[in-house]
Each structure stands twice: as C-alpha cells, then as structure tokens.
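Structure data (mmCIF, C-alpha atoms) from final_29.cif:
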data_my_file
#
loop_
_atom_site.label_atom_id
_atom_site.label_comp_id
_atom_site.auth_asym_id
_atom_site.auth_seq_id
_atom_site.Cartn_x
_atom_site.Cartn_y
_atom_site.Cartn_z
CA MET A 1 0.00 0.00 0.00
CA ALA A 2 1.27 3.41 -0.94
CA GLU A 3 1.98 5.95 1.77
CA GLY A 4 -1.07 8.03 2.63
CA THR A 5 -3.68 5.92 0.89
CA VAL A 6 -6.58 3.88 2.20
CA SER A 7 -6.86 0.31 0.95
CA LEU A 8 -9.96 -1.72 0.20
CA ASP A 9 -9.12 -3.93 3.18
CA GLN A 10 -9.02 -0.90 5.45
CA LEU A 11 -12.41 0.22 4.19
CA VAL A 12 -13.83 -3.24 4.94
CA ASP A 13 -12.16 -3.05 8.35
CA TRP A 14 -13.88 0.33 8.88
CA LEU A 15 -17.26 -1.32 8.28
CA ALA A 16 -16.44 -4.29 10.53
CA ARG A 17 -15.39 -1.95 13.33
CA PHE A 18 -18.55 0.11 12.87
CA ARG A 19 -20.58 -3.10 13.12
CA ASP A 20 -18.71 -4.03 16.31
CA LEU A 21 -19.26 -0.59 17.84
CA VAL A 22 -23.01 -0.39 17.15
CA THR A 23 -23.38 -3.97 18.37
CA GLU A 24 -21.47 -3.20 21.58
CA LYS A 25 -23.40 0.05 22.07
CA GLN A 26 -26.75 -1.31 20.90
CA SER A 27 -28.49 -0.85 24.25
CA TYR A 28 -27.02 2.63 24.66
CA LEU A 29 -28.20 3.75 21.21
CA THR A 30 -31.65 2.33 21.79
CA GLU A 31 -31.78 4.01 25.21
CA LEU A 32 -30.99 7.36 23.60
CA ASP A 33 -33.64 6.68 20.97
CA SER A 34 -36.23 5.71 23.57
CA ALA A 35 -35.89 9.17 25.10
CA ILE A 36 -36.70 11.09 21.92
CA GLY A 37 -37.58 8.55 19.22
CA ASP A 38 -39.03 5.10 18.72
CA ALA A 39 -36.43 3.10 20.63
CA ASP A 40 -35.06 1.11 17.73
CA HIS A 41 -31.84 2.82 16.61
CA GLY A 42 -29.50 0.36 18.34
CA SER A 43 -31.29 -2.74 17.14
CA ASN A 44 -31.80 -1.28 13.66
CA MET A 45 -28.12 -0.39 13.19
CA THR A 46 -26.95 -3.69 14.63
CA ARG A 47 -29.25 -5.67 12.36
CA GLY A 48 -28.25 -3.55 9.37
CA MET A 49 -24.50 -3.75 9.92
CA ASN A 50 -24.67 -7.48 10.63
CA ALA A 51 -26.48 -7.91 7.31
CA VAL A 52 -23.76 -5.82 5.65
CA MET A 53 -20.92 -7.93 7.05
CA ASP A 54 -22.77 -11.17 6.18
CA LYS A 55 -23.19 -9.93 2.63
CA LEU A 56 -19.55 -8.90 2.33
CA GLY A 57 -18.51 -12.24 3.78
CA ALA A 58 -20.54 -14.12 1.19
CA ALA A 59 -19.65 -11.83 -1.72
CA PRO A 60 -16.44 -9.86 -1.15
CA ALA A 61 -16.19 -6.69 -3.20
CA GLY A 62 -13.34 -6.21 -5.64
CA ALA A 63 -13.45 -2.42 -5.80
CA VAL A 64 -14.52 0.55 -3.72
CA ASP A 65 -17.65 1.37 -5.74
CA GLU A 66 -18.80 -2.26 -5.60
CA LEU A 67 -18.12 -2.41 -1.86
CA PHE A 68 -20.18 0.63 -0.94
CA LYS A 69 -22.99 -0.14 -3.35
CA SER A 70 -23.38 -3.48 -1.61
CA VAL A 71 -23.22 -1.81 1.81
CA GLY A 72 -25.76 0.88 0.91
CA MET A 73 -28.26 -1.46 -0.69
CA THR A 74 -28.05 -3.88 2.22
CA LEU A 75 -28.67 -1.13 4.78
CA VAL A 76 -31.60 0.24 2.82
CA THR A 77 -33.32 -3.10 2.85
CA SER A 78 -32.44 -4.33 6.34
CA VAL A 79 -32.40 -1.40 8.77
CA GLY A 80 -36.10 -0.51 8.69
CA GLY A 81 -35.91 2.91 10.31
CA ALA A 82 -34.90 6.26 8.86
CA SER A 83 -31.24 5.39 9.33
CA GLY A 84 -31.67 2.80 6.54
CA PRO A 85 -32.23 5.28 3.73
CA LEU A 86 -29.91 7.83 5.38
CA TYR A 87 -26.87 5.61 6.01
CA GLY A 88 -27.78 3.75 2.81
CA THR A 89 -27.58 6.96 0.80
CA PHE A 90 -24.33 7.90 2.56
CA PHE A 91 -22.58 4.69 1.49
CA LEU A 92 -24.12 4.57 -2.00
CA ARG A 93 -22.86 8.09 -2.72
CA ILE A 94 -19.42 7.21 -1.40
CA GLY A 95 -19.26 4.30 -3.83
CA MET A 96 -20.53 6.31 -6.79
CA THR A 97 -18.00 9.06 -6.14
CA ALA A 98 -15.02 6.79 -5.47
CA GLY A 99 -15.56 4.71 -8.61
CA PRO A 100 -13.97 1.35 -9.57
CA VAL A 101 -10.72 1.82 -7.66
CA THR A 102 -9.02 -0.34 -5.03
CA GLU A 103 -7.57 2.42 -2.88
CA LEU A 104 -8.29 6.04 -2.02
CA ASP A 105 -5.83 8.83 -1.35
CA GLY A 106 -6.73 11.60 1.06
CA ALA A 107 -8.39 13.77 -1.56
CA ALA A 108 -10.44 10.88 -2.93
CA LEU A 109 -11.49 9.84 0.57
CA SER A 110 -12.55 13.38 1.35
CA ALA A 111 -14.49 13.76 -1.91
CA ALA A 112 -16.27 10.44 -1.39
CA LEU A 113 -17.25 11.16 2.22
CA ARG A 114 -18.38 14.67 1.27
CA ALA A 115 -20.62 13.23 -1.45
CA GLY A 116 -22.01 10.88 1.19
CA LEU A 117 -22.84 13.79 3.49
CA ASP A 118 -24.42 15.73 0.63
CA GLY A 119 -26.57 12.68 -0.09
CA VAL A 120 -27.70 12.47 3.53
CA VAL A 121 -28.56 16.17 3.57
CA ALA A 122 -30.49 15.90 0.31
CA ARG A 123 -32.34 12.77 1.48
CA GLY A 124 -33.23 13.97 4.97
CA LYS A 125 -33.50 17.70 4.22
CA ALA A 126 -31.66 18.30 7.48
CA GLU A 127 -29.46 21.30 8.16
CA ALA A 128 -26.82 21.88 10.77
CA GLY A 129 -28.46 22.36 14.15
CA ASP A 130 -31.53 20.22 13.42
CA LYS A 131 -30.31 17.63 15.97
CA THR A 132 -29.50 14.88 13.47
CA MET A 133 -26.55 12.80 12.27
CA VAL A 134 -25.59 15.77 10.09
CA ASP A 135 -24.51 17.60 13.25
CA ALA A 136 -21.76 15.02 13.79
CA MET A 137 -20.95 14.28 10.15
CA GLY A 138 -20.61 17.88 8.98
CA PRO A 139 -18.00 18.92 11.57
CA ALA A 140 -16.20 15.59 11.10
CA LEU A 141 -15.72 16.15 7.39
CA ASP A 142 -14.72 19.77 7.90
CA ALA A 143 -12.03 18.58 10.33
CA LEU A 144 -10.94 15.85 7.92
CA ASP A 145 -10.52 18.38 5.11
CA GLU A 146 -8.68 20.83 7.33
CA SER A 147 -6.28 18.16 8.49
CA LEU A 148 -5.65 16.86 4.96
CA GLY A 149 -5.23 20.42 3.76
CA SER A 150 -2.45 21.00 6.26
CA GLY A 151 -0.60 17.99 4.88
CA SER A 152 -1.68 15.23 7.26
CA ASP A 153 -2.11 11.64 6.10
CA PRO A 154 -5.59 10.03 6.05
CA ALA A 155 -5.01 8.30 9.41
CA THR A 156 -4.30 11.59 11.18
CA ALA A 157 -7.16 13.29 9.36
CA ALA A 158 -9.55 10.50 10.37
CA ALA A 159 -8.53 10.94 14.01
CA ALA A 160 -9.29 14.65 13.74
CA ALA A 161 -12.62 13.80 12.15
CA PHE A 162 -13.48 11.50 15.05
CA ASP A 163 -12.68 14.26 17.56
CA ALA A 164 -14.92 16.68 15.70
CA ALA A 165 -17.70 14.11 15.36
CA GLN A 166 -17.73 13.65 19.15
CA ARG A 167 -17.92 17.38 19.73
CA GLY A 168 -20.71 17.62 17.15
CA ARG A 169 -22.54 14.73 18.84
CA ASP A 170 -22.21 16.36 22.28
CA ALA A 171 -23.47 19.65 20.87
CA THR A 172 -26.78 18.01 19.90
CA GLU A 173 -27.74 17.58 23.57
CA PRO A 174 -29.31 21.01 24.18
CA LEU A 175 -30.81 21.25 20.69
CA VAL A 176 -34.51 21.04 19.91
CA ALA A 177 -35.08 18.46 17.17
CA ARG A 178 -36.44 19.78 13.90
CA LYS A 179 -36.29 16.58 11.85
CA GLY A 180 -37.32 12.98 12.33
CA ARG A 181 -39.45 11.33 14.97
CA ALA A 182 -37.85 13.44 17.73
CA SER A 183 -39.27 16.60 16.19
CA TYR A 184 -42.73 15.52 17.39
CA LEU A 185 -41.47 16.14 20.91
CA GLY A 186 -40.58 19.78 20.23
CA GLU A 187 -38.94 21.42 23.24
CA ARG A 188 -38.97 18.12 25.14
CA SER A 189 -36.33 16.76 22.76
CA ALA A 190 -33.78 19.12 24.32
CA GLY A 191 -31.51 17.64 26.99
CA HIS A 192 -30.85 14.38 25.14
CA LEU A 193 -28.07 13.36 22.78
CA ASP A 194 -29.29 12.64 19.28
CA PRO A 195 -29.07 8.89 18.57
CA GLY A 196 -28.17 9.43 14.90
CA ALA A 197 -25.37 11.85 15.75
CA THR A 198 -24.17 9.33 18.32
CA SER A 199 -24.00 6.43 15.85
CA THR A 200 -22.27 8.77 13.39
CA ALA A 201 -19.61 9.48 16.01
CA PHE A 202 -19.10 5.69 16.21
CA LEU A 203 -18.80 5.65 12.41
CA PHE A 204 -15.87 8.07 12.62
CA GLN A 205 -14.39 6.26 15.61
CA ALA A 206 -14.39 3.11 13.46
CA LEU A 207 -12.78 4.99 10.57
CA ALA A 208 -10.06 6.44 12.80
CA GLU A 209 -9.31 3.00 14.27
CA ALA A 210 -9.29 1.28 10.86
CA LEU A 211 -6.83 3.79 9.41
CA ALA A 212 -4.62 4.08 12.50
CA MET B 213 -56.14 3.11 -14.21
CA ILE B 214 -53.43 4.51 -11.98
CA GLY B 215 -51.61 2.20 -9.59
CA ILE B 216 -51.57 2.73 -5.83
CA VAL B 217 -48.63 1.91 -3.55
CA VAL B 218 -49.09 1.92 0.22
CA VAL B 219 -45.92 2.28 2.30
CA SER B 220 -46.14 1.68 6.02
CA HIS B 221 -44.01 0.64 8.97
CA SER B 222 -46.65 -1.98 9.70
CA ARG B 223 -48.15 -4.58 7.39
CA ALA B 224 -51.28 -4.70 9.55
CA LEU B 225 -51.74 -0.94 9.33
CA ALA B 226 -51.30 -0.91 5.55
CA ASP B 227 -53.62 -3.85 4.95
CA ALA B 228 -56.30 -2.34 7.19
CA ALA B 229 -56.13 1.03 5.42
CA VAL B 230 -56.43 -0.69 2.05
CA ALA B 231 -59.36 -2.79 3.28
CA LEU B 232 -61.12 0.33 4.52
CA ALA B 233 -60.72 1.96 1.12
CA LEU B 234 -61.85 -1.15 -0.77
CA GLU B 235 -65.16 -1.10 1.13
CA MET B 236 -65.92 2.04 -0.84
CA VAL B 237 -64.94 0.68 -4.23
CA GLY B 238 -67.88 -0.89 -5.97
CA GLY B 239 -66.52 -2.23 -9.20
CA SER B 240 -62.98 -3.14 -10.01
CA PRO B 241 -60.27 -1.83 -7.69
CA PRO B 242 -57.08 -0.30 -9.06
CA PRO B 243 -53.79 -2.18 -8.94
CA ILE B 244 -52.62 -1.88 -5.32
CA ALA B 245 -49.30 -2.95 -3.84
CA VAL B 246 -48.27 -2.75 -0.19
CA ALA B 247 -44.67 -2.26 0.91
CA ALA B 248 -44.65 -2.60 4.68
CA GLY B 249 -42.19 -3.72 7.31
CA ALA B 250 -38.50 -4.42 6.87
CA GLY B 251 -38.43 -8.20 6.72
CA GLU B 252 -39.45 -10.86 9.20
CA GLY B 253 -41.62 -9.02 11.68
CA VAL B 254 -39.43 -5.90 11.75
CA THR B 255 -41.35 -2.65 12.06
CA GLY B 256 -39.98 -0.30 9.43
CA THR B 257 -39.72 0.37 5.72
CA ASP B 258 -37.51 -0.92 2.92
CA ALA B 259 -36.75 1.25 -0.09
CA ILE B 260 -36.06 -1.77 -2.29
CA ALA B 261 -39.45 -3.25 -1.40
CA VAL B 262 -41.10 0.11 -2.17
CA ALA B 263 -39.41 0.19 -5.56
CA ALA B 264 -40.62 -3.34 -6.30
CA ALA B 265 -44.17 -2.35 -5.30
CA ILE B 266 -44.07 0.66 -7.62
CA ASP B 267 -42.87 -1.48 -10.52
CA GLU B 268 -45.55 -4.08 -9.75
CA VAL B 269 -48.48 -1.66 -10.21
CA ALA B 270 -46.91 0.68 -12.77
CA SER B 271 -48.73 1.43 -16.00
CA PRO B 272 -48.61 4.41 -18.38
CA ASP B 273 -51.35 6.01 -16.25
CA GLY B 274 -48.85 6.46 -13.43
CA VAL B 275 -48.44 5.48 -9.80
CA LEU B 276 -49.48 7.33 -6.65
CA VAL B 277 -47.60 6.43 -3.46
CA PHE B 278 -48.89 6.93 0.09
CA MET B 279 -46.58 6.80 3.12
CA ASP B 280 -47.30 6.73 6.83
CA LEU B 281 -44.46 8.66 8.49
CA GLY B 282 -40.77 9.06 9.15
CA SER B 283 -38.67 6.50 7.33
CA ALA B 284 -41.60 5.64 5.07
CA VAL B 285 -41.15 9.03 3.41
CA LEU B 286 -37.38 8.60 3.14
CA SER B 287 -37.67 5.06 1.81
CA ALA B 288 -40.27 6.09 -0.76
CA SER B 289 -38.17 8.98 -2.05
CA MET B 290 -35.13 6.73 -2.18
CA ALA B 291 -37.15 4.03 -3.98
CA LEU B 292 -37.48 6.34 -6.97
CA GLU B 293 -33.77 5.73 -7.61
CA PHE B 294 -34.34 1.98 -7.82
CA THR B 295 -37.51 1.63 -9.91
CA SER B 296 -37.32 0.31 -13.45
CA THR B 297 -40.64 1.70 -14.70
CA ASP B 298 -40.84 4.73 -16.99
CA ALA B 299 -44.28 5.61 -15.62
CA GLU B 300 -44.74 8.85 -13.71
CA VAL B 301 -44.61 8.24 -9.97
CA ARG B 302 -45.84 10.74 -7.41
CA LEU B 303 -45.37 10.68 -3.67
CA SER B 304 -48.49 11.96 -1.95
CA ASP B 305 -48.25 14.37 0.96
CA ALA B 306 -51.70 13.28 2.13
CA PRO B 307 -52.33 12.02 5.66
CA PHE B 308 -52.06 8.24 5.50
CA VAL B 309 -55.57 6.86 6.02
CA GLU B 310 -57.38 9.72 4.30
CA GLY B 311 -54.92 9.60 1.42
CA VAL B 312 -55.12 5.84 0.89
CA VAL B 313 -58.93 5.99 0.89
CA ALA B 314 -59.09 8.94 -1.49
CA GLY B 315 -56.41 7.52 -3.76
CA ILE B 316 -57.95 4.08 -4.13
CA VAL B 317 -61.49 5.38 -4.60
CA LEU B 318 -60.39 7.94 -7.16
CA ALA B 319 -58.17 5.49 -9.00
CA ALA B 320 -61.09 3.05 -9.22
CA ALA B 321 -63.20 5.89 -10.63
CA GLY B 322 -60.65 6.39 -13.38
CA ALA B 323 -59.11 9.63 -12.11
CA SER B 324 -55.86 10.80 -13.68
CA LEU B 325 -52.69 10.77 -11.64
CA ALA B 326 -52.77 14.56 -11.34
CA ASP B 327 -56.41 14.61 -10.22
CA ALA B 328 -55.98 11.79 -7.72
CA ALA B 329 -52.82 13.37 -6.31
CA ARG B 330 -54.52 16.74 -5.90
CA GLU B 331 -57.61 15.26 -4.28
CA ALA B 332 -55.59 13.15 -1.89
CA SER B 333 -53.52 16.18 -0.94
CA SER B 334 -56.66 17.94 0.19
CA ALA B 335 -57.79 14.87 2.09
CA MET B 336 -57.79 16.72 5.40
CA THR B 337 -60.47 19.15 4.30
CA ALA B 338 -63.31 16.75 5.12
CA LYS B 339 -62.12 16.24 8.67
CA ASN B 340 -61.34 19.92 9.13
CA ALA B 341 -64.81 20.89 7.97
CA GLN B 342 -66.46 18.26 10.16
CA LEU B 343 -64.75 19.53 13.28
CA GLU B 344 -65.92 23.08 12.78
CA THR B 345 -69.13 24.08 14.53
CA SER B 346 -72.00 22.43 12.68
CA PRO B 347 -74.16 24.98 10.91
CA GLU B 348 -77.78 25.26 11.98
CA PRO B 349 -80.01 23.39 9.56
CA ALA B 350 -82.15 25.68 7.49
CA ALA B 351 -85.86 25.52 8.21
CA GLU B 352 -86.69 24.88 4.59
CA ALA B 353 -84.94 24.71 1.25
CA SER B 354 -84.74 27.96 -0.63
CA VAL B 355 -86.32 28.51 -4.00
CA VAL B 356 -84.73 26.63 -6.86
CA SER B 357 -83.64 28.69 -9.83
CA ASN B 358 -81.71 28.46 -13.10
CA GLY B 359 -82.13 24.75 -13.68
CA ALA B 360 -80.71 23.53 -10.40
CA VAL B 361 -81.97 20.21 -9.13
CA ASP B 362 -82.72 19.61 -5.47
CA LEU B 363 -82.57 16.13 -3.99
CA THR B 364 -83.35 15.02 -0.47
CA LEU B 365 -80.91 12.60 1.11
CA LEU B 366 -82.99 9.59 2.10
CA ASN B 367 -80.26 7.50 3.68
CA PRO B 368 -79.70 8.20 7.39
CA LEU B 369 -76.01 9.00 7.09
CA GLY B 370 -76.27 11.35 4.13
CA LEU B 371 -73.19 12.04 2.00
CA HIS B 372 -70.58 10.16 4.00
CA ALA B 373 -67.57 8.53 2.39
CA ARG B 374 -69.30 5.69 0.57
CA PRO B 375 -72.03 7.71 -1.17
CA ALA B 376 -69.45 10.38 -1.92
CA SER B 377 -67.25 7.81 -3.61
CA MET B 378 -70.24 6.51 -5.58
CA ILE B 379 -70.90 10.01 -6.90
CA VAL B 380 -67.24 10.56 -7.81
CA ALA B 381 -67.15 7.20 -9.57
CA ALA B 382 -70.35 8.01 -11.50
CA MET B 383 -68.85 11.31 -12.69
CA GLY B 384 -65.75 9.51 -13.89
CA GLY B 385 -66.69 8.93 -17.51
CA LEU B 386 -68.88 12.01 -18.04
CA ASP B 387 -68.04 15.32 -19.66
CA ALA B 388 -69.86 17.52 -17.18
CA GLU B 389 -69.12 19.91 -14.35
CA VAL B 390 -71.52 19.29 -11.50
CA SER B 391 -71.54 21.30 -8.30
CA ILE B 392 -73.16 20.15 -5.07
CA THR B 393 -74.41 22.40 -2.28
CA ASP B 394 -76.00 21.36 0.98
CA THR B 395 -78.92 23.75 1.17
CA ALA B 396 -78.56 23.68 4.95
CA SER B 397 -75.27 25.52 4.55
CA PRO B 398 -75.48 27.15 1.12
CA GLU B 399 -72.25 29.12 1.48
CA ARG B 400 -70.22 26.03 0.48
CA THR B 401 -70.34 24.47 -2.97
CA VAL B 402 -68.12 21.62 -4.07
CA SER B 403 -67.40 19.66 -7.23
CA ALA B 404 -69.13 16.30 -7.67
CA LYS B 405 -65.71 15.00 -8.78
CA SER B 406 -64.14 15.81 -5.43
CA LEU B 407 -64.41 12.99 -2.91
CA MET B 408 -63.01 15.07 -0.08
CA GLY B 409 -65.08 18.06 -1.16
CA ILE B 410 -68.33 16.09 -1.04
CA MET B 411 -67.44 14.58 2.31
CA SER B 412 -66.51 18.00 3.64
CA LEU B 413 -70.09 19.20 3.08
CA GLY B 414 -71.17 17.03 5.98
CA ALA B 415 -74.59 16.74 4.32
CA ALA B 416 -76.59 14.59 6.71
CA GLY B 417 -79.61 12.37 6.13
CA GLY B 418 -82.73 14.42 5.55
CA HIS B 419 -80.76 17.35 4.17
CA THR B 420 -81.48 18.62 0.70
CA ILE B 421 -78.60 18.91 -1.73
CA ARG B 422 -78.65 21.12 -4.80
CA LEU B 423 -77.00 20.05 -8.05
CA GLU B 424 -76.04 22.48 -10.77
CA ALA B 425 -74.54 21.01 -13.90
CA SER B 426 -73.03 22.19 -17.15
CA GLY B 427 -71.35 20.51 -20.08
CA PRO B 428 -72.42 18.03 -22.78
CA ASP B 429 -73.21 15.27 -20.26
CA ALA B 430 -74.83 17.55 -17.68
CA ALA B 431 -78.23 15.87 -17.86
CA ARG B 432 -76.79 12.38 -17.62
CA ALA B 433 -74.65 13.37 -14.68
CA VAL B 434 -77.56 14.82 -12.75
CA ASP B 435 -79.71 11.79 -13.58
CA ALA B 436 -77.02 9.45 -12.33
CA ILE B 437 -76.89 11.21 -8.97
CA ARG B 438 -80.70 11.45 -8.84
CA VAL B 439 -81.03 7.68 -9.29
CA MET B 440 -78.46 6.94 -6.60
CA ALA B 441 -79.98 9.43 -4.18
CA GLY B 442 -83.47 8.07 -4.87
CA ASP B 443 -82.20 4.68 -3.82
CA GLY B 444 -80.64 6.16 -0.67
CA PHE B 445 -77.23 5.20 -2.12
CA GLY B 446 -78.15 1.58 -1.45
CA GLU B 447 -78.39 2.24 2.28
CA LEU B 448 -82.15 2.09 2.81
CA GLU B 449 -83.60 -0.69 4.92
#

Show me, as structure tokens, the structure contained in the file I just sent.
Amino acid sequence: MAEGTVSLDQLVDWLARFRDLVTEKQSYLTELDSAIGDADHGSNMTRGMNAVMDKLGAAPAGAVDELFKSVGMTLVTSVGGASGPLYGTFFLRIGMTAGPVTELDGAALSAALRAGLDGVVARGKAEAGDKTMVDAMGPALDALDESLGSGSDPATAAAAAFDAAQRGRDATEPLVARKGRASYLGERSAGHLDPGATSTAFLFQALAEALA
Amino acid sequence: MIGIVVVSHSRALADAAVALALEMVGGSPPPIAVAAGAGEGVTGTDAIAVAAAIDEVASPDGVLVFMDLGSAVLSASMALEFTSTDAEVRLSDAPFVEGVVAGIVLAAAGASLADAAREASSAMTAKNAQLETSPEPAAEASVVSNGAVDLTLLNPLGLHARPASMIVAAMGGLDAEVSITDTASPERTVSAKSLMGIMSLGAAGGHTIRLEASGPDAARAVDAIRVMAGDGFGELE
C-alpha cells in the first residue's frame, strides 16, 4: 500500500469496526432513541451492519464502488428505520463518487465522504443544528478536510474527524429536534443526545481506528 | 387506471387502510401494492421493497404512493432511484388513512394521476370541515332557480364517504361539471368530482342537496346522482 492511501481492506475493516461498535453500544443507542424517538436505533443499526458484514462475507467486493454499493443497498433493505435510507444513501454516494478503484488517497477519501454527506442532507433535508446525524458528520468532514489540507495523512485526518464528530454529537444535547421522529417532541427533545449523531460518532471512531 | 402503492411501517396498518378503502370501491379496484415492514416481523420500511411495489403496479397512467411517516417518506423517495418503470410516480403528501382511501377510490373511478394526487392532498379538508361548529339546519330549502336540481338525502347518514365515492365514480366517464351544495349551509359548494369536497359538506340524512350542472353530459350526470340518491345510495332498509 502506498503511503497516505486507504486500501480496500481498510475500508472493509472500517465497516467491521462500525458493526462491532453499534453492536457493543446497541443498548445505549436504543436508550438514547427511547428518550426522543421510537427506541429502535441500536437494534436497527446492529441488524443492518450485521447484514452488511454477512453480505460482504458471502460476496467480497473487488473495488470501492462495488463495496459501498453493496453496503448501501443492504442497509436500505435491512435497517427498517430512517437510518436505513440515510446511512444507505451515505454509502451509496461514497461508492458512486469513489468509482472502480481499489484504494483512495486523502483527496479521494474526502471527496467520497463529502458526497455521502451531501446525499444524507439531500435525502433527509436536514441542516446543521436540526439535531440529526448531520450535526456530527458535517464537523467531522470539515475537520478531515482541514487536516488533509495541512498535509496530514488520512489516518491523522480521520482521528481529527473522530474528535470533531464527538464534539458535534455532544453539541446536539441542548438542541430542539427539527427533523425525524424526535421533532414531534418539540422542546422536550432538548436535553438528550441525538441517537443518529451518536451512531455517526461511532462511524468516525471506526474509521479512525481502521486507518490508524 | 393509476396504480396505488401503500408504504407503512406496519403490514397490519397498511392492509387495514387498504381494506377500509376497498369497502368504498364498488366495481374493479385499481392495482394496489403494499410495501410494509423491513423483513421478518421488523417494524420499518424498505426502499427496495417500495421500488418493487411501484414497478408491480406501474402502467402508463402512473403510480401514486402513500406513506405513513418518518422512514416511510425517506424510503419512498429513495425508492425512486431503484424503480425500473418509466411511468410517472408521485409521492403523496396526504395524511395516510385519508390519502389511501381517497387515492384508491379515485383510482377506481378512473381519475388521472394529477387529479388523484390533488384530491388526496386535500384529504384533510373533510375532517377539518367536520370539526368546525356544525351549521344550523335551514328551516326549509330555498327557492330553486336556473335549472338547479334539489334532492333530499334519504339515507340516514347522508353524503358520508361511501355515497361520496359513488358520486365521484359516476362522474368519472362524463363530460360535465356538477356542483353540489348542501342547502342547509349554502355558502359552500363543491365539485361532484371531489371525494373530499363532497365529504366536507357534511350533508346529513334528511338534508337537501342542490345540483347544478353544465357541459355536454350535464343531464346524464344529474340523472345518475338522482337515481343513486333516490335509492338512498343503497343504504335504505
């Protein structure tokens, strides 16, 4: 593997680590979701990511676009909740943007993740501050770009992205939800972490660990 | 005939909504496909299943999709990326039960995709009108003028959903514009082609409705409603 690039194996490792994290934190995610949602985020993400890893185990992908198309389509059909189409769109856009390659350099990684975020925003119509996964993902990608721009390798940039994702997640606590099931609660949604922003922080934790 | 797709977190909810609507469809129902749940007993929605449902009922007349809430809306919008049909597909912003009922009844009556989508979108008007203070019934019907036809509603429930759907269905093949007014509250006049409009009149049994028609088939249209009303819309003992 060339210096400063991300291999297909590392991307698969990212997904495996994300599966492990949502599985380990399943009860926690569902607990967060029971406060302001329909109490299924942990079980939905665990079921979805298990389906993803089963699929990849049965049919390993040979290129980045193939990998993330498989991931996205599997999530869309197995998650059930809103995180299915949202995470599904995120990974599908990553694959479409990355194309039929077997590794990504920092710029390609950034472009692919950014396309994923844009897809999530377009799908969910959420903006920063709506108390959604966008509140963790947006700052994470900004930090990734800033780190890459200052000459860091993808591993360092991913670590910076994870830090920013956690801060973005924590910042959702006082917010009043304006999107998703939590928005039905209005002011009562304040005082709770957003479950989607929390699972997104795990997504960037998994990325940082896979690239480290 | 347009196709109807019903997207819900719950198979039971979707099937019940469809069954409710089918009670109001006399003749042949439109093609209907349900996409509900996310596999083995999981509450949720599946964009791939929604896309398959759209393709299943698609025809050149188009497809109208109704969603319950949350991920159903996201899955339905995402499904549009996965369909293989060239037919026009519209996602309805109607409330779920009202929309499914209006959509299926109107589709069965031969409504175009645009008309069914518009009617379904205004599906809350009937409930909104019903929850306003009921107008005082007029003591007697006012004088009929300019060719209007007055009919007394013989069935106890008046123009509720089923008779309303019968009227809309009867208007389906006719080239006529027919307006209906409940003479007990003459400030509101609605089109005989509007299911939600007719229901929003809240015209009860014993009330007198006034029909005013224009167009080449005006006489046939009025006669059709007169015959149904004379029979109490099939609801007389």

Using only C-alpha atoms, determine which residues of chain A fall within 7 Å of chain B; present them as a list of chain:residue names.
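Result: A:Val76, A:Thr77, A:Ser78, A:Gly80, A:Gly81, A:Ala82, A:Pro85, A:Arg123, A:Gly180, A:Arg181.
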
I need the residue set behind the PyMOL selection byres ((chain A and resi 67-70) around 9) for this file; please write it as number ranges by chain.
A: 8, 11-12, 52, 55-56, 60-66, 71-75, 88, 91-96

Within 6 Å of segment 361-372 of chain B, counting all atoms listed in the file, which residues show up once you throw out same-chain ones fewer than 6 positions away? Write them as a list in words, please.
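After dropping sequence-adjacent residues, the list is Met411, Ala415, Ala416, Gly417, Gly418, His419, Thr420, Ile421, Arg422, Leu423, Gly444, Glu447 and Leu448 of chain B.
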
Residue nearest Met236 of chain B - candidates B:Glu331, B:Ala373, B:Lys405, B:Gly274, atoms counted: only C-alpha atoms:
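Of the candidates, the smallest distance to Met236 of chain B is held by B:Ala373.
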
Contacts of Val317 of chain B within 8 Å, all atoms listed in the file, excl. fewer than 2 positions in-chain, as a list in words:
Ala233, Leu234, Met236, Val237, Pro241, Val313, Ala314, Gly315, Ala319, Ala320, Ala321, Ser377 and Ala381 of chain B

I'd like to know which of B:Ala388, B:Ala229, B:Val439, B:Ala396 is closest to Ser426 of chain B, using all atoms listed in the file.
B:Ala388

Two-atom distance - atom CA of Ala212 of chain A, atom CA of Val22 of chain A (Å):
19.5 Å

Evaluating the PyMOL selection byres ((chain B and resi 264) around 10) on the displayed file yields which residues, as a ChimeraX atom specification?
/B:217,245-247,259-263,265-270,291,294-297

Shell of 9 Å around Asp170 of chain A, only C-alpha atoms, local chain residues under 5 positions omitted, as a VMD selection string
chain A and resid 136 165 193 to 194 197 to 198
